[in-house]
>>> print(open('structure.pdb').read())   # PDB, C-alpha atoms and all ligand atoms
ATOM      1  CA  MET S  24      32.638  31.581  43.852
ATOM      2  CA  LYS S  25      29.561  29.444  43.343
ATOM      3  CA  ASN S  26      29.759  25.767  42.474
ATOM      4  CA  ILE S  27      28.170  24.927  39.140
ATOM      5  CA  LEU S  28      28.016  21.261  40.084
ATOM      6  CA  GLU S  29      27.885  19.496  43.423
ATOM      7  CA  LEU S  30      27.709  15.817  44.331
ATOM      8  CA  LYS S  31      26.996  14.863  47.916
ATOM      9  CA  ASN S  32      27.429  11.342  49.266
ATOM     10  CA  ILE S  33      26.666   9.669  45.928
ATOM     11  CA  HIS S  34      26.291   5.882  46.055
ATOM     12  CA  LYS S  35      25.736   3.546  43.129
ATOM     13  CA  ASN S  36      24.987  -0.153  43.377
ATOM     14  CA  PHE S  37      24.321  -2.524  40.503
ATOM     15  CA  ARG S  38      22.204  -5.614  41.037
ATOM     16  CA  LEU S  39      23.545  -8.653  39.230
ATOM     17  CA  GLY S  40      21.344 -11.670  39.969
ATOM     18  CA  GLU S  41      21.639 -12.287  43.692
ATOM     19  CA  ASP S  42      24.601  -9.971  44.069
ATOM     20  CA  ASP S  43      24.607  -6.306  44.857
ATOM     21  CA  ILE S  44      27.783  -4.651  43.547
ATOM     22  CA  GLU S  45      28.748  -1.393  45.178
ATOM     23  CA  VAL S  46      30.542   0.748  42.586
ATOM     24  CA  LEU S  47      30.375   4.241  44.112
ATOM     25  CA  ASN S  48      30.524   4.610  47.866
ATOM     26  CA  GLY S  49      30.021   8.201  48.998
ATOM     27  CA  ILE S  50      31.356  10.454  46.230
ATOM     28  CA  GLU S  51      31.736  14.174  46.972
ATOM     29  CA  ILE S  52      32.559  16.640  44.183
ATOM     30  CA  SER S  53      32.278  20.422  43.901
ATOM     31  CA  ILE S  54      33.269  22.145  40.718
ATOM     32  CA  GLN S  55      33.411  25.835  39.850
ATOM     33  CA  GLN S  56      33.080  27.485  36.449
ATOM     34  CA  GLY S  57      36.319  27.049  34.512
ATOM     35  CA  GLU S  58      37.827  24.437  36.826
ATOM     36  CA  THR S  59      39.430  21.369  35.253
ATOM     37  CA  PHE S  60      39.288  18.025  36.952
ATOM     38  CA  ALA S  61      40.960  14.686  36.116
ATOM     39  CA  ILE S  62      39.718  11.335  37.372
ATOM     40  CA  VAL S  63      42.134   8.426  37.223
ATOM     41  CA  GLY S  64      41.677   4.895  38.539
ATOM     42  CA  PRO S  65      41.879   1.239  37.613
ATOM     43  CA  SER S  66      39.649  -0.378  35.010
ATOM     44  CA  GLY S  67      36.261  -1.242  36.513
ATOM     45  CA  SER S  68      36.601   1.261  39.372
ATOM     46  CA  GLY S  69      33.468   3.148  38.315
ATOM     47  CA  LYS S  70      34.802   6.147  36.355
ATOM     48  CA  THR S  71      32.358   5.829  33.466
ATOM     49  CA  THR S  72      29.516   5.118  35.905
ATOM     50  CA  LEU S  73      30.361   8.348  37.739
ATOM     51  CA  LEU S  74      30.425  10.405  34.503
ATOM     52  CA  GLN S  75      27.055   8.912  33.496
ATOM     53  CA  ILE S  76      25.562  10.001  36.822
ATOM     54  CA  ILE S  77      27.079  13.493  36.582
ATOM     55  CA  GLY S  78      25.775  13.844  33.006
ATOM     56  CA  LEU S  79      22.232  12.876  34.099
ATOM     57  CA  LEU S  80      22.357   9.754  31.929
ATOM     58  CA  ASP S  81      22.031   7.443  34.951
ATOM     59  CA  SER S  82      20.653   7.918  38.478
ATOM     60  CA  PRO S  83      22.536   7.313  41.697
ATOM     61  CA  THR S  84      21.225   4.706  44.147
ATOM     62  CA  SER S  85      21.370   7.412  46.819
ATOM     63  CA  GLY S  86      22.919  10.816  47.401
ATOM     64  CA  GLU S  87      22.362  14.303  46.063
ATOM     65  CA  LEU S  88      23.393  16.035  42.885
ATOM     66  CA  TYR S  89      22.972  19.751  42.184
ATOM     67  CA  VAL S  90      23.412  21.563  38.877
ATOM     68  CA  ARG S  91      23.707  25.325  39.463
ATOM     69  CA  GLY S  92      22.319  24.727  42.945
ATOM     70  CA  LYS S  93      19.219  22.882  41.761
ATOM     71  CA  SER S  94      18.392  19.206  41.926
ATOM     72  CA  PRO S  95      17.512  17.681  38.522
ATOM     73  CA  GLU S  96      15.457  15.118  40.489
ATOM     74  CA  ASP S  97      12.719  17.738  40.686
ATOM     75  CA  LEU S  98      12.522  18.053  36.886
ATOM     76  CA  ASN S  99      10.359  16.078  34.483
ATOM     77  CA  ASP S 100      12.044  14.114  31.668
ATOM     78  CA  LYS S 101      11.709  16.912  29.138
ATOM     79  CA  SER S 102      13.231  19.584  31.392
ATOM     80  CA  LYS S 103      15.934  17.152  32.430
ATOM     81  CA  SER S 104      17.000  16.502  28.851
ATOM     82  CA  ARG S 105      16.900  20.221  28.137
ATOM     83  CA  LEU S 106      19.193  20.813  31.123
ATOM     84  CA  ARG S 107      21.467  17.995  29.924
ATOM     85  CA  ASN S 108      21.673  19.532  26.436
ATOM     86  CA  GLU S 109      22.347  23.049  27.658
ATOM     87  CA  PHE S 110      24.699  22.405  30.524
ATOM     88  CA  PHE S 111      26.864  19.481  29.367
ATOM     89  CA  GLY S 112      29.087  18.599  26.441
ATOM     90  CA  PHE S 113      30.230  15.003  25.992
ATOM     91  CA  ILE S 114      33.411  13.611  24.454
ATOM     92  CA  TYR S 115      34.090   9.871  24.287
ATOM     93  CA  GLN S 116      37.064   7.652  23.505
ATOM     94  CA  PHE S 117      35.692   6.997  20.020
ATOM     95  CA  HIS S 118      34.567  10.103  18.222
ATOM     96  CA  HIS S 119      31.072   8.921  17.125
ATOM     97  CA  LEU S 120      31.079  11.344  14.204
ATOM     98  CA  LEU S 121      28.514  10.755  11.473
ATOM     99  CA  ASN S 122      30.377   9.246   8.499
ATOM    100  CA  GLU S 123      28.272  10.746   5.746
ATOM    101  CA  PHE S 124      28.764  14.319   6.967
ATOM    102  CA  THR S 125      31.786  16.649   6.783
ATOM    103  CA  ALA S 126      33.719  17.978   9.792
ATOM    104  CA  LEU S 127      31.776  21.229   9.463
ATOM    105  CA  GLU S 128      28.371  19.510   9.244
ATOM    106  CA  ASN S 129      29.173  17.225  12.196
ATOM    107  CA  THR S 130      30.137  20.268  14.282
ATOM    108  CA  MET S 131      27.016  22.208  13.246
ATOM    109  CA  MET S 132      24.686  19.312  14.087
ATOM    110  CA  PRO S 133      24.031  20.031  17.811
ATOM    111  CA  LEU S 134      23.056  23.620  16.916
ATOM    112  CA  LEU S 135      20.765  22.584  14.062
ATOM    113  CA  ILE S 136      19.033  20.165  16.448
ATOM    114  CA  ARG S 137      18.473  23.197  18.706
ATOM    115  CA  GLU S 138      16.854  24.990  15.794
ATOM    116  CA  GLN S 139      19.518  27.647  15.364
ATOM    117  CA  THR S 140      19.700  28.982  11.818
ATOM    118  CA  THR S 141      22.075  27.249   9.407
ATOM    119  CA  LYS S 142      23.989  30.505   9.029
ATOM    120  CA  GLU S 143      24.552  30.923  12.788
ATOM    121  CA  ALA S 144      25.466  27.250  13.166
ATOM    122  CA  ARG S 145      27.958  27.436  10.299
ATOM    123  CA  THR S 146      29.659  30.546  11.680
ATOM    124  CA  LYS S 147      30.067  29.057  15.164
ATOM    125  CA  ALA S 148      31.200  25.650  13.901
ATOM    126  CA  GLN S 149      33.718  27.175  11.478
ATOM    127  CA  ASP S 150      35.146  29.390  14.198
ATOM    128  CA  LEU S 151      35.718  26.440  16.547
ATOM    129  CA  LEU S 152      37.191  24.186  13.857
ATOM    130  CA  ILE S 153      39.653  26.940  12.950
ATOM    131  CA  ARG S 154      40.551  27.513  16.600
ATOM    132  CA  ILE S 155      41.209  23.807  17.101
ATOM    133  CA  GLY S 156      43.542  23.740  14.103
ATOM    134  CA  LEU S 157      41.351  22.169  11.417
ATOM    135  CA  GLU S 158      41.014  25.084   9.020
ATOM    136  CA  HIS S 159      42.277  22.935   6.128
ATOM    137  CA  ARG S 160      39.999  19.970   6.939
ATOM    138  CA  ILE S 161      36.604  21.644   7.319
ATOM    139  CA  ASN S 162      35.028  19.932   4.314
ATOM    140  CA  HIS S 163      36.530  16.499   4.901
ATOM    141  CA  LYS S 164      34.453  13.524   6.000
ATOM    142  CA  PRO S 165      35.564  11.354   8.953
ATOM    143  CA  HIS S 166      37.111   8.643   6.724
ATOM    144  CA  GLU S 167      39.241  11.347   5.085
ATOM    145  CA  LEU S 168      40.581  12.489   8.476
ATOM    146  CA  SER S 169      43.202  11.043  10.832
ATOM    147  CA  GLY S 170      42.206   9.727  14.273
ATOM    148  CA  GLY S 171      43.552  12.870  15.944
ATOM    149  CA  GLU S 172      41.689  15.105  13.504
ATOM    150  CA  CYS S 173      38.428  13.214  14.120
ATOM    151  CA  GLN S 174      38.920  13.684  17.860
ATOM    152  CA  ARG S 175      39.438  17.437  17.316
ATOM    153  CA  VAL S 176      36.119  17.546  15.440
ATOM    154  CA  ALA S 177      34.519  15.742  18.406
ATOM    155  CA  VAL S 178      35.967  18.444  20.710
ATOM    156  CA  ALA S 179      34.601  21.235  18.473
ATOM    157  CA  ARG S 180      31.205  19.519  18.349
ATOM    158  CA  ALA S 181      31.092  19.242  22.156
ATOM    159  CA  LEU S 182      31.999  22.930  22.613
ATOM    160  CA  VAL S 183      29.813  24.412  19.876
ATOM    161  CA  THR S 184      26.776  24.726  22.147
ATOM    162  CA  SER S 185      28.836  26.666  24.748
ATOM    163  CA  PRO S 186      28.246  24.123  27.550
ATOM    164  CA  SER S 187      29.230  24.956  31.137
ATOM    165  CA  LEU S 188      30.829  21.576  31.725
ATOM    166  CA  ILE S 189      32.490  19.081  29.406
ATOM    167  CA  LEU S 190      32.473  15.424  30.457
ATOM    168  CA  ALA S 191      35.215  13.542  28.658
ATOM    169  CA  ASP S 192      35.712   9.782  28.999
ATOM    170  CA  GLU S 193      39.232   8.896  27.798
ATOM    171  CA  PRO S 194      39.021  11.499  25.010
ATOM    172  CA  THR S 195      42.524  10.736  23.751
ATOM    173  CA  GLY S 196      42.606   7.058  24.795
ATOM    174  CA  ASN S 197      42.438   5.888  21.207
ATOM    175  CA  LEU S 198      45.386   7.983  19.970
ATOM    176  CA  ASP S 199      49.143   7.436  20.035
ATOM    177  CA  PRO S 200      50.849   9.388  22.876
ATOM    178  CA  GLU S 201      52.220  12.159  20.649
ATOM    179  CA  THR S 202      48.906  12.775  18.879
ATOM    180  CA  ALA S 203      47.065  12.511  22.214
ATOM    181  CA  ASP S 204      49.320  15.272  23.544
ATOM    182  CA  ARG S 205      48.733  17.576  20.593
ATOM    183  CA  VAL S 206      44.959  17.075  20.574
ATOM    184  CA  PHE S 207      44.859  17.611  24.332
ATOM    185  CA  ASP S 208      46.904  20.834  24.026
ATOM    186  CA  SER S 209      44.447  22.419  21.645
ATOM    187  CA  PHE S 210      41.481  21.057  23.616
ATOM    188  CA  LEU S 211      42.772  22.575  26.868
ATOM    189  CA  ASP S 212      43.645  25.912  25.209
ATOM    190  CA  LEU S 213      40.190  26.227  23.712
ATOM    191  CA  ASN S 214      38.569  25.101  26.938
ATOM    192  CA  ARG S 215      40.464  27.739  28.951
ATOM    193  CA  SER S 216      39.674  30.545  26.538
ATOM    194  CA  LEU S 217      35.956  29.652  26.701
ATOM    195  CA  ASN S 218      36.142  29.184  30.517
ATOM    196  CA  THR S 219      34.433  25.792  30.229
ATOM    197  CA  SER S 220      34.735  23.414  33.178
ATOM    198  CA  LEU S 221      36.055  19.966  32.422
ATOM    199  CA  ILE S 222      35.865  16.572  34.089
ATOM    200  CA  MET S 223      38.106  14.153  32.253
ATOM    201  CA  VAL S 224      38.635  10.458  32.861
ATOM    202  CA  THR S 225      42.080   9.409  31.698
ATOM    203  CA  HIS S 226      44.691   6.703  32.108
ATOM    204  CA  ASN S 227      47.357   9.157  30.933
ATOM    205  CA  GLN S 228      49.141  10.536  34.006
ATOM    206  CA  GLU S 229      50.935  13.281  32.077
ATOM    207  CA  LEU S 230      47.608  14.667  30.830
ATOM    208  CA  ALA S 231      45.998  14.286  34.268
ATOM    209  CA  LYS S 232      48.761  16.373  35.862
ATOM    210  CA  ARG S 233      47.873  19.336  33.672
ATOM    211  CA  MET S 234      44.403  19.687  35.173
ATOM    212  CA  ASP S 235      43.619  21.907  38.190
ATOM    213  CA  LYS S 236      42.598  18.939  40.330
ATOM    214  CA  VAL S 237      43.402  15.243  40.081
ATOM    215  CA  TYR S 238      41.395  12.587  41.892
ATOM    216  CA  GLU S 239      41.733   8.851  41.975
ATOM    217  CA  LEU S 240      38.669   6.627  42.101
ATOM    218  CA  ASN S 241      39.338   3.466  44.034
ATOM    219  CA  PHE S 242      37.057   1.167  46.037
ATOM    220  CA  GLY S 243      34.159   3.507  45.359
ATOM    221  CA  LYS S 244      35.822   6.589  46.864
ATOM    222  CA  LEU S 245      37.419   9.652  45.283
ATOM    223  CA  ILE S 246      40.733  10.574  46.872
ATOM    224  CA  LYS S 247      43.121  13.379  45.983
ATOM    225  CA  SER S 248      45.853  12.002  43.738
ATOM    226  CA  SER S 249      49.561  12.574  44.326
ATOM    227  CA  LEU S 250      49.645  13.636  40.645
ATOM    228  CA  GLU S 251      48.009  16.959  41.600
ATOM    229  CA  ASN S 252      50.504  19.823  41.846
TER     230      ASN S 252
HETATM  231  N1  LIG S 301      24.693  -1.700  33.954
HETATM  232  C1  LIG S 301      25.512  -2.380  34.749
HETATM  233  N2  LIG S 301      25.104  -3.497  35.416
HETATM  234  C2  LIG S 301      25.918  -4.172  36.233
HETATM  235  N3  LIG S 301      27.196  -3.809  36.494
HETATM  236  C3  LIG S 301      27.659  -2.716  35.884
HETATM  237  C4  LIG S 301      26.873  -1.940  34.970
HETATM  238  N4  LIG S 301      27.618  -0.907  34.500
HETATM  239  C5  LIG S 301      28.816  -1.053  35.090
HETATM  240  N5  LIG S 301      28.865  -2.117  35.913
HETATM  241  C6  LIG S 301      30.002  -2.549  36.735
HETATM  242  O1  LIG S 301      30.450  -1.432  37.483
HETATM  243  C7  LIG S 301      31.856  -1.412  37.575
HETATM  244  C8  LIG S 301      32.395  -0.064  37.095
HETATM  245  O2  LIG S 301      32.219   0.041  35.696
HETATM  246  P1  LIG S 301      32.714   1.339  34.883
HETATM  247  O3  LIG S 301      32.360   1.127  33.466
HETATM  248  O4  LIG S 301      32.173   2.543  35.547
HETATM  249  O5  LIG S 301      34.304   1.256  35.109
HETATM  250  P2  LIG S 301      35.470   2.202  34.554
HETATM  251  O6  LIG S 301      36.225   2.721  35.723
HETATM  252  O7  LIG S 301      34.906   3.189  33.602
HETATM  253  O8  LIG S 301      36.396   1.140  33.772
HETATM  254  P3  LIG S 301      37.288   1.342  32.430
HETATM  255  O9  LIG S 301      38.540   2.081  32.865
HETATM  256  O10 LIG S 301      37.595  -0.064  32.028
HETATM  257  O11 LIG S 301      36.481   2.072  31.416
HETATM  258  C9  LIG S 301      32.361  -2.605  36.778
HETATM  259  O12 LIG S 301      32.661  -3.649  37.680
HETATM  260  C10 LIG S 301      31.187  -2.982  35.899
HETATM  261  O13 LIG S 301      31.177  -4.347  35.632
HETATM  262 MG    MG S 302      35.125   3.510  31.515
END
>>> encode(input="structure.pdb", output="C-alpha cells", more="lines below")
Ligand SMILES: Nc1ncnc2c1ncn2[C@@H]1O[C@H](COP(=O)(O)OP(=O)(O)OP(=O)(O)O)[C@@H](O)[C@H]1O
Ligand SMILES: [Mg+2]
Amino acid sequence: MKNILELKNIHKNFRLGEDDIEVLNGIEISIQQGETFAIVGPSGSGKTTLLQIIGLLDSPTSGELYVRGKSPEDLNDKSKSRLRNEFFGFIYQFHHLLNEFTALENTMMPLLIREQTTKEARTKAQDLLIRIGLEHRINHKPHELSGGECQRVAVARALVTSPSLILADEPTGNLDPETADRVFDSFLDLNRSLNTSLIMVTHNQELAKRMDKVYELNFGKLIKSSLEN
C-alpha cells in the first residue's frame, strides 16, 4: 500500500538569542490510509512542533516531507493552503468552537468556507453529529454543552471535510478520564468507519495503546514505544 504521508530525516531547530535549540533530530514517519498513530513523550519534547510541521503550519529546518508522494515545498502559498485544507483535519486540546454558533453551525462552517451549499453542509454536519452521539444537542451553543460534548463537536467539525489525515494534539487532555474515554471511543469508531488516518499526541497511555502504532518522542527522536501491542 502507498504511504499518504512520509517524513524523511526531519530536523527542527529554534534560535533563541545566541542559542540554537535542537527540538527534532532526524524524524522518520510513514503513514498509510486508515492507519492510527499515537505520539507520547515528555512535555517540551517537540510533539506539538512535529504536528505543526506535518500539518504544513511550520517548516522543518531540514529534511523532506511528502504528502501523497509530492513535496509541498514545490507549491506556492495558495496551493499549499488548499492542500492543507483538503488533506488535514485538526483537533486541539481546547475545542476552539465559535461561541455564538450552534453545534450544527460550527460543524457546517468548514464546508461553507469551501463554498458548498448550505443544504449539503447541513446534511453532512447533521450526519456526523448524529454518528458521534450528539443527536439531542445539535442546536445547542458551546456554553450549553459539556466539555466532552464540545470536544465531540470539534471531532465532527474536523471530519466533516472528509480529510485523509487527522492531526490531534491532546484531543481529550482537557477532559476527566471517564469522559476522555467515551469521547475517544466514538472518535475512534467514526475514524475507522471513514478510514481516516490519525496522528494523535497524548499523555494518556491507555488511549495510546489503542492505536495501531505508538511512538515516543524523546531527545528529538521517535522510537517505538513499549505501549504498542
Ligand atoms: N517558536 C519557538 N521558538 C523557540 N522555541 C520554541 C518555539 N516553539 C517551541 N519551542 C521549544 O521547543 C520545544 C518543544 O516544544 P513543543 O511545544 O513542541 O513541546 P511538546 O512536546 O508539545 O510539549 P507539551 O507536552 O508541553 O505540549 C520546547 O522546549 C519549546 O520551548
Ligand atoms: Mg504540545
>>> residues_near_ligand(input="structure.pdb", ligand="ligand MG 302 (chain S)", cutoff="8 Å", atoms="all atoms listed in the file", output="short mmCIF file (atom, residue, chain, number, x, y, z; two decimals) with C-alpha atoms, in the frame of the given file")
data_model
loop_
_atom_site.label_atom_id
_atom_site.label_comp_id
_atom_site.auth_asym_id
_atom_site.auth_seq_id
_atom_site.Cartn_x
_atom_site.Cartn_y
_atom_site.Cartn_z
CA SER S 66 39.65 -0.38 35.01
CA GLY S 67 36.26 -1.24 36.51
CA GLY S 69 33.47 3.15 38.32
CA LYS S 70 34.80 6.15 36.35
CA THR S 71 32.36 5.83 33.47
CA THR S 72 29.52 5.12 35.90
CA ASP S 192 35.71 9.78 29.00
CA GLU S 193 39.23 8.90 27.80
CA VAL S 224 38.64 10.46 32.86
#
>>> closest_residue(input="structure.pdb", among="S:Thr146, S:Ser102, S:Gln174, S:Asn214", to="S:Pro194", atoms="only C-alpha atoms")
S:Gln174
>>> resolve_selection(input="structure.pdb", expression="the PyMOL selection byres (((chain S and resi 56) around 12) and not hetatm)", output="VMD selection string")
chain S and resid 24 to 29 53 to 55 57 to 60 90 to 91 110 186 to 189 214 to 215 217 to 222
>>> residues_near_point(input="structure.pdb", point="(20.2, 15.2, 43.2)", cutoff="12 Å", atoms="only C-alpha atoms", output="VMD selection string")
chain S and resid 28 to 34 76 to 79 81 to 98 103
>>> residues_near_ligand(input="structure.pdb", ligand="ligand LIG 301 (chain S)", cutoff="10 Å", atoms="all atoms listed in the file", output="ChimeraX atom specification")
/S:35-40,42-47,62-75,81,116,192-193,224-226,240-241,243
>>> write_last_selection(input="structure.pdb", atoms="C-alpha atoms", output="PDB file, keeping the file's coordinate frame")
ATOM      1  CA  LYS S  35      25.736   3.546  43.129  1.00  0.00           C
ATOM      2  CA  ASN S  36      24.987  -0.153  43.377  1.00  0.00           C
ATOM      3  CA  PHE S  37      24.321  -2.524  40.503  1.00  0.00           C
ATOM      4  CA  ARG S  38      22.204  -5.614  41.037  1.00  0.00           C
ATOM      5  CA  LEU S  39      23.545  -8.653  39.230  1.00  0.00           C
ATOM      6  CA  GLY S  40      21.344 -11.670  39.969  1.00  0.00           C
ATOM      7  CA  ASP S  42      24.601  -9.971  44.069  1.00  0.00           C
ATOM      8  CA  ASP S  43      24.607  -6.306  44.857  1.00  0.00           C
ATOM      9  CA  ILE S  44      27.783  -4.651  43.547  1.00  0.00           C
ATOM     10  CA  GLU S  45      28.748  -1.393  45.178  1.00  0.00           C
ATOM     11  CA  VAL S  46      30.542   0.748  42.586  1.00  0.00           C
ATOM     12  CA  LEU S  47      30.375   4.241  44.112  1.00  0.00           C
ATOM     13  CA  ILE S  62      39.718  11.335  37.372  1.00  0.00           C
ATOM     14  CA  VAL S  63      42.134   8.426  37.223  1.00  0.00           C
ATOM     15  CA  GLY S  64      41.677   4.895  38.539  1.00  0.00           C
ATOM     16  CA  PRO S  65      41.879   1.239  37.613  1.00  0.00           C
ATOM     17  CA  SER S  66      39.649  -0.378  35.010  1.00  0.00           C
ATOM     18  CA  GLY S  67      36.261  -1.242  36.513  1.00  0.00           C
ATOM     19  CA  SER S  68      36.601   1.261  39.372  1.00  0.00           C
ATOM     20  CA  GLY S  69      33.468   3.148  38.315  1.00  0.00           C
ATOM     21  CA  LYS S  70      34.802   6.147  36.355  1.00  0.00           C
ATOM     22  CA  THR S  71      32.358   5.829  33.466  1.00  0.00           C
ATOM     23  CA  THR S  72      29.516   5.118  35.905  1.00  0.00           C
ATOM     24  CA  LEU S  73      30.361   8.348  37.739  1.00  0.00           C
ATOM     25  CA  LEU S  74      30.425  10.405  34.503  1.00  0.00           C
ATOM     26  CA  GLN S  75      27.055   8.912  33.496  1.00  0.00           C
ATOM     27  CA  ASP S  81      22.031   7.443  34.951  1.00  0.00           C
ATOM     28  CA  GLN S 116      37.064   7.652  23.505  1.00  0.00           C
ATOM     29  CA  ASP S 192      35.712   9.782  28.999  1.00  0.00           C
ATOM     30  CA  GLU S 193      39.232   8.896  27.798  1.00  0.00           C
ATOM     31  CA  VAL S 224      38.635  10.458  32.861  1.00  0.00           C
ATOM     32  CA  THR S 225      42.080   9.409  31.698  1.00  0.00           C
ATOM     33  CA  HIS S 226      44.691   6.703  32.108  1.00  0.00           C
ATOM     34  CA  LEU S 240      38.669   6.627  42.101  1.00  0.00           C
ATOM     35  CA  ASN S 241      39.338   3.466  44.034  1.00  0.00           C
ATOM     36  CA  GLY S 243      34.159   3.507  45.359  1.00  0.00           C
TER      37      GLY S 243
END
>>> axis_aligned_box(input="structure.pdb", around="stretch 218-235 of chain S", padding_each_side="4 Å", output="AutoDock Vina command-line options")
--center_x 42.7 --center_y 17.9 --center_z 34.2 --size_x 24.5 --size_y 30.5 --size_z 16.0
>>> closest_residue(input="structure.pdb", among="S:Arg175, S:Arg160, S:Arg137, S:His166", to="S:Arg105", atoms="only C-alpha atoms")
S:Arg137
>>> atom_distance(input="structure.pdb", atom1="atom CA of S:Leu190", atom2="atom CA of S:Ile155")
18.0 Å
>>> atom_distance(input="structure.pdb", atom1="atom CA of S:Lys101", atom2="atom CA of S:Gln139")
19.1 Å
>>> decode(input="structure.pdb", residues="stretch 90-104 of chain S", atoms="C-alpha atoms", output="compact mmCIF listing (two decimals), in the first residue's frame")
# COMPACT_ATOMS: atom_id res chain seq x y z
CA VAL S 90 2.02 14.32 1.03
CA ARG S 91 0.69 11.66 -1.36
CA GLY S 92 4.21 11.36 -2.74
CA LYS S 93 4.59 15.06 -3.50
CA SER S 94 6.62 17.69 -1.72
CA PRO S 95 4.56 20.72 -0.60
CA GLU S 96 7.82 22.71 -0.84
CA ASP S 97 7.20 22.93 -4.57
CA LEU S 98 3.80 24.60 -4.07
CA ASN S 99 3.03 28.30 -3.80
CA ASP S 100 1.25 29.59 -0.67
CA LYS S 101 -2.21 29.33 -2.19
CA SER S 102 -1.79 25.72 -3.34
CA LYS S 103 -0.19 24.85 -0.03
CA SER S 104 -3.14 26.14 1.96
